[in-house]
file my_file15.cif (mmCIF, C-alpha atoms and all ligand atoms)
data_target
#
loop_
_atom_site.group_PDB
_atom_site.id
_atom_site.type_symbol
_atom_site.label_atom_id
_atom_site.label_comp_id
_atom_site.auth_asym_id
_atom_site.auth_seq_id
_atom_site.Cartn_x
_atom_site.Cartn_y
_atom_site.Cartn_z
ATOM 1 C CA MET A 1 166.774 -32.051 34.293
ATOM 2 C CA LYS A 2 163.462 -31.364 36.014
ATOM 3 C CA ASN A 3 163.768 -27.663 35.175
ATOM 4 C CA ILE A 4 164.358 -28.485 31.533
ATOM 5 C CA ILE A 5 161.218 -30.597 31.407
ATOM 6 C CA ILE A 6 159.218 -27.770 33.006
ATOM 7 C CA LEU A 7 160.686 -25.275 30.539
ATOM 8 C CA ILE A 8 159.799 -27.472 27.581
ATOM 9 C CA SER A 9 156.273 -27.958 28.953
ATOM 10 C CA LEU A 10 155.803 -24.188 29.352
ATOM 11 C CA THR A 11 157.060 -23.622 25.818
ATOM 12 C CA ILE A 12 154.537 -26.106 24.467
ATOM 13 C CA ILE A 13 151.721 -24.477 26.482
ATOM 14 C CA LEU A 14 152.671 -20.969 25.343
ATOM 15 C CA PHE A 15 153.105 -22.050 21.754
ATOM 16 C CA GLY A 16 149.707 -23.691 21.863
ATOM 17 C CA CYS A 17 148.077 -20.473 23.117
ATOM 18 C CA ASN A 18 149.788 -18.345 20.484
ATOM 19 C CA LYS A 19 148.721 -20.730 17.784
ATOM 20 C CA SER A 20 145.036 -20.538 18.765
ATOM 21 C CA ASP A 21 145.263 -16.720 19.024
ATOM 22 C CA ASN A 22 146.588 -16.590 15.494
ATOM 23 C CA ILE A 23 143.659 -18.631 14.244
ATOM 24 C CA VAL A 24 141.222 -16.237 15.931
ATOM 25 C CA ASN A 25 143.054 -13.206 14.528
ATOM 26 C CA SER A 26 143.156 -14.517 10.992
ATOM 27 C CA TYR A 27 139.449 -15.291 11.162
ATOM 28 C CA THR A 28 138.762 -11.728 12.338
ATOM 29 C CA ASN A 29 140.973 -10.245 9.646
ATOM 30 C CA THR A 30 139.218 -12.038 6.820
ATOM 31 C CA THR A 31 135.891 -10.505 7.900
ATOM 32 C CA THR A 32 137.073 -7.013 8.892
ATOM 33 C CA SER A 33 135.662 -5.168 5.890
ATOM 34 C CA GLY A 34 132.102 -6.226 6.659
ATOM 35 C CA THR A 35 132.386 -6.431 10.441
ATOM 36 C CA HIS A 36 131.174 -3.715 12.785
ATOM 37 C CA VAL A 37 132.412 -4.045 16.362
ATOM 38 C CA ILE A 38 130.205 -2.757 19.181
ATOM 39 C CA SER A 39 131.710 -2.956 22.654
ATOM 40 C CA ALA A 40 129.744 -3.262 25.891
ATOM 41 C CA GLY A 41 131.138 -1.707 29.049
ATOM 42 C CA GLY A 42 130.006 0.440 31.964
ATOM 43 C CA THR A 43 126.404 1.282 31.073
ATOM 44 C CA ALA A 44 126.835 1.872 27.346
ATOM 45 C CA PHE A 45 127.339 0.278 23.972
ATOM 46 C CA SER A 46 130.058 1.925 21.908
ATOM 47 C CA PRO A 47 129.299 2.923 19.258
ATOM 48 C CA ASN A 48 125.574 2.852 19.954
ATOM 49 C CA SER A 49 124.618 3.572 16.357
ATOM 50 C CA VAL A 50 125.994 1.792 13.296
ATOM 51 C CA THR A 51 125.205 1.842 9.588
ATOM 52 C CA ALA A 52 125.687 -1.481 7.818
ATOM 53 C CA LYS A 53 124.812 -3.500 4.749
ATOM 54 C CA VAL A 54 123.041 -6.827 4.262
ATOM 55 C CA GLY A 55 125.691 -9.546 4.629
ATOM 56 C CA ASP A 56 127.749 -7.560 7.138
ATOM 57 C CA THR A 57 128.467 -8.857 10.614
ATOM 58 C CA ILE A 58 127.781 -7.085 13.874
ATOM 59 C CA LYS A 59 130.255 -8.269 16.490
ATOM 60 C CA PHE A 60 129.334 -7.415 20.075
ATOM 61 C CA VAL A 61 132.395 -7.497 22.327
ATOM 62 C CA TRP A 62 132.420 -7.480 26.112
ATOM 63 C CA SER A 63 134.586 -4.771 27.665
ATOM 64 C CA SER A 64 133.689 -4.797 31.382
ATOM 65 C CA GLY A 65 130.847 -5.589 33.758
ATOM 66 C CA THR A 66 127.912 -7.943 33.175
ATOM 67 C CA HIS A 67 125.675 -7.284 30.182
ATOM 68 C CA THR A 68 123.457 -8.758 27.519
ATOM 69 C CA THR A 69 122.853 -7.850 23.922
ATOM 70 C CA THR A 70 119.152 -8.358 23.344
ATOM 71 C CA SER A 71 117.146 -7.324 20.310
ATOM 72 C CA THR A 72 114.038 -5.239 21.014
ATOM 73 C CA SER A 73 112.918 -4.768 17.410
ATOM 74 C CA VAL A 74 114.135 -6.143 14.093
ATOM 75 C CA PRO A 75 112.943 -5.827 10.475
ATOM 76 C CA THR A 76 110.413 -8.332 9.153
ATOM 77 C CA GLY A 77 112.110 -11.631 8.411
ATOM 78 C CA ALA A 78 115.207 -10.950 10.515
ATOM 79 C CA ALA A 79 116.180 -13.166 13.458
ATOM 80 C CA THR A 80 115.971 -11.829 16.992
ATOM 81 C CA TRP A 81 118.804 -12.441 19.457
ATOM 82 C CA ASN A 82 119.525 -12.501 23.179
ATOM 83 C CA SER A 83 123.039 -13.238 24.405
ATOM 84 C CA PRO A 84 125.035 -12.590 27.567
ATOM 85 C CA LEU A 85 128.139 -10.400 27.261
ATOM 86 C CA THR A 86 130.341 -11.280 30.210
ATOM 87 C CA SER A 87 133.942 -12.216 30.899
ATOM 88 C CA SER A 88 133.015 -15.857 30.197
ATOM 89 C CA ASN A 89 130.864 -14.983 27.142
ATOM 90 C CA PRO A 90 132.960 -12.138 25.730
ATOM 91 C CA SER A 91 131.536 -11.878 22.228
ATOM 92 C CA PHE A 92 128.440 -12.435 20.141
ATOM 93 C CA ILE A 93 128.224 -12.343 16.369
ATOM 94 C CA TYR A 94 125.084 -11.433 14.436
ATOM 95 C CA ILE A 95 125.043 -11.774 10.657
ATOM 96 C CA ILE A 96 122.664 -9.362 8.953
ATOM 97 C CA THR A 97 120.188 -10.886 6.503
ATOM 98 C CA ALA A 98 117.585 -8.141 6.056
ATOM 99 C CA ALA A 99 117.515 -4.370 5.499
ATOM 100 C CA GLY A 100 115.897 -2.064 8.026
ATOM 101 C CA THR A 101 116.441 -0.802 11.555
ATOM 102 C CA TYR A 102 117.537 -3.042 14.416
ATOM 103 C CA ASN A 103 117.205 -1.944 18.036
ATOM 104 C CA PHE A 104 118.856 -3.683 20.963
ATOM 105 C CA GLN A 105 119.466 -3.217 24.664
ATOM 106 C CA CYS A 106 121.306 -4.593 27.665
ATOM 107 C CA ASN A 107 118.694 -6.233 29.874
ATOM 108 C CA PHE A 108 120.473 -5.064 33.026
ATOM 109 C CA HIS A 109 121.160 -1.423 32.119
ATOM 110 C CA TYR A 110 118.640 -0.289 29.497
ATOM 111 C CA THR A 111 116.957 2.008 32.025
ATOM 112 C CA MET A 112 120.338 3.750 32.324
ATOM 113 C CA GLY A 113 120.475 4.256 28.590
ATOM 114 C CA MET A 114 122.346 1.114 27.567
ATOM 115 C CA THR A 115 120.615 0.738 24.206
ATOM 116 C CA GLY A 116 121.719 0.875 20.610
ATOM 117 C CA SER A 117 120.717 0.408 17.005
ATOM 118 C CA PHE A 118 122.051 -0.409 13.602
ATOM 119 C CA THR A 119 120.532 0.660 10.335
ATOM 120 C CA VAL A 120 120.951 -1.635 7.354
ATOM 121 C CA ASN A 121 120.676 -0.296 3.822
HETATM 122 CU CU CU B 201 124.702 -3.719 30.680
#

call {"tool": "encode", "arguments": {"input": "my_file15.cif", "output": "structure tokens"}}
result
Amino acid sequence: MKNIIILISLTIILFGCNKSDNIVNSYTNTTTSGTHVISAGGTAFSPNSVTAKVGDTIKFVWSSGTHTTTSTSVPTGAATWNSPLTSSNPSFIYIITAAGTYNFQCNFHYTMGMTGSFTVN
């Protein structure tokens, strides 16, 4: 009887996790067409250069290590950003509101070339 209760509890826990994953996935899927994923790992962003449009989303995703995504220059009128990218802060979303060139870096590894940009038309 005790084993049955444990089994039921595990099923509820697993079902709960799957359910929340599905919500995350469906959210991602609805924004895929305008979403550009840039991953941070090692000492590089990948890709480190992206072309996008106003209204698109740049999604920074942690891959390994300890990083930040930090804007170093943005077009007039655009918001700057500075966010950790770590195992406990594994993603950061930036919604583009202005055309121009955006440059960003990892504050820990920019001297090793961990920089990137996106150009918005
Ligand atoms: Cu870094």

call {"tool": "closest_residue", "arguments": {"input": "my_file15.cif", "among": "A:Thr51, A:Ser87, A:Thr68, A:Asn121", "to": "ligand CU 201 (chain B)", "atoms": "only C-alpha atoms and all ligand atoms"}}
result
A:Thr68

call {"tool": "atom_distance", "arguments": {"input": "my_file15.cif", "atom1": "CA of Thr69 in chain A", "atom2": "CA of Thr101 in chain A"}}
result
15.6 Å

call {"tool": "closest_atom_pairs", "arguments": {"input": "my_file15.cif", "of": "chain A", "to": "ligand CU 201 (chain B)", "cutoff": "6 Å", "atoms": "all atoms listed in the file", "output": "CSV"}}
result
residue,atom,partner,partner_atom,distance
A:Thr43,CA,B:CU201,CU,5.3
A:Thr66,CA,B:CU201,CU,5.9
A:His67,CA,B:CU201,CU,3.7
A:Cys106,CA,B:CU201,CU,4.6
A:Phe108,CA,B:CU201,CU,5.0
A:His109,CA,B:CU201,CU,4.5

call {"tool": "atom_distance", "arguments": {"input": "my_file15.cif", "atom1": "CA of Gly113 in chain A", "atom2": "CA of Ser49 in chain A"}}
result
12.9 Å

call {"tool": "axis_aligned_box", "arguments": {"input": "my_file15.cif", "around": "range 106-113 of chain A", "padding_each_side": "8 Å", "output": "AutoDock Vina command-line options"}}
result
--center_x 119.1 --center_y -1.0 --center_z 30.3 --size_x 20.3 --size_y 26.5 --size_z 21.4

call {"tool": "atom_distance", "arguments": {"input": "my_file15.cif", "atom1": "CA of Val37 in chain A", "atom2": "CA of Ala52 in chain A"}}
result
11.2 Å

call {"tool": "resolve_selection", "arguments": {"input": "my_file15.cif", "expression": "the PyMOL selection byres (((chain A and resi 85) around 9) and not hetatm)", "output": "compact mmCIF listing (two decimals) with C-alpha atoms, keeping the file's coordinate frame"}}
result
# COMPACT_ATOMS: atom_id res chain seq x y z
CA ALA A 40 129.74 -3.26 25.89
CA PHE A 60 129.33 -7.42 20.08
CA VAL A 61 132.40 -7.50 22.33
CA TRP A 62 132.42 -7.48 26.11
CA SER A 63 134.59 -4.77 27.66
CA SER A 64 133.69 -4.80 31.38
CA GLY A 65 130.85 -5.59 33.76
CA THR A 66 127.91 -7.94 33.17
CA HIS A 67 125.68 -7.28 30.18
CA THR A 68 123.46 -8.76 27.52
CA THR A 69 122.85 -7.85 23.92
CA SER A 83 123.04 -13.24 24.40
CA PRO A 84 125.04 -12.59 27.57
CA THR A 86 130.34 -11.28 30.21
CA SER A 87 133.94 -12.22 30.90
CA SER A 88 133.01 -15.86 30.20
CA ASN A 89 130.86 -14.98 27.14
CA PRO A 90 132.96 -12.14 25.73
CA SER A 91 131.54 -11.88 22.23
CA PHE A 92 128.44 -12.44 20.14
CA CYS A 106 121.31 -4.59 27.66

call {"tool": "closest_residue", "arguments": {"input": "my_file15.cif", "among": "A:Ala44, A:Ala79, A:Ile38, A:Val74", "to": "Lys59 in chain A", "atoms": "only C-alpha atoms"}}
result
A:Ile38

call {"tool": "closest_residue", "arguments": {"input": "my_file15.cif", "among": "A:Thr111, A:Ser117, A:Gly34, A:Phe45", "to": "Thr72 in chain A", "atoms": "all atoms listed in the file"}}
result
A:Ser117

call {"tool": "resolve_selection", "arguments": {"input": "my_file15.cif", "expression": "the PyMOL selection byres (((chain A and resi 97) around 6) and not hetatm)", "output": "list in words"}}
result
Val54, Gly55, Ile96 and Ala98 of chain A

call {"tool": "write_last_selection", "arguments": {"input": "my_file15.cif", "atoms": "C-alpha atoms", "output": "PDB file, in the frame of the given file"}}
result
ATOM      1  CA  VAL A  54     123.041  -6.827   4.262  1.00  0.00           C
ATOM      2  CA  GLY A  55     125.691  -9.546   4.629  1.00  0.00           C
ATOM      3  CA  ILE A  96     122.664  -9.362   8.953  1.00  0.00           C
ATOM      4  CA  ALA A  98     117.585  -8.141   6.056  1.00  0.00           C
TER       5      ALA A  98
END

call {"tool": "closest_residue", "arguments": {"input": "my_file15.cif", "among": "A:Ser71, A:Pro47, A:Lys53, A:Gly41", "to": "Gln105 in chain A", "atoms": "only C-alpha atoms"}}
result
A:Ser71

call {"tool": "closest_residue", "arguments": {"input": "my_file15.cif", "among": "A:Tyr102, A:Asn107, A:Asn48, A:Thr57", "to": "Thr119 in chain A", "atoms": "all atoms listed in the file"}}
result
A:Tyr102
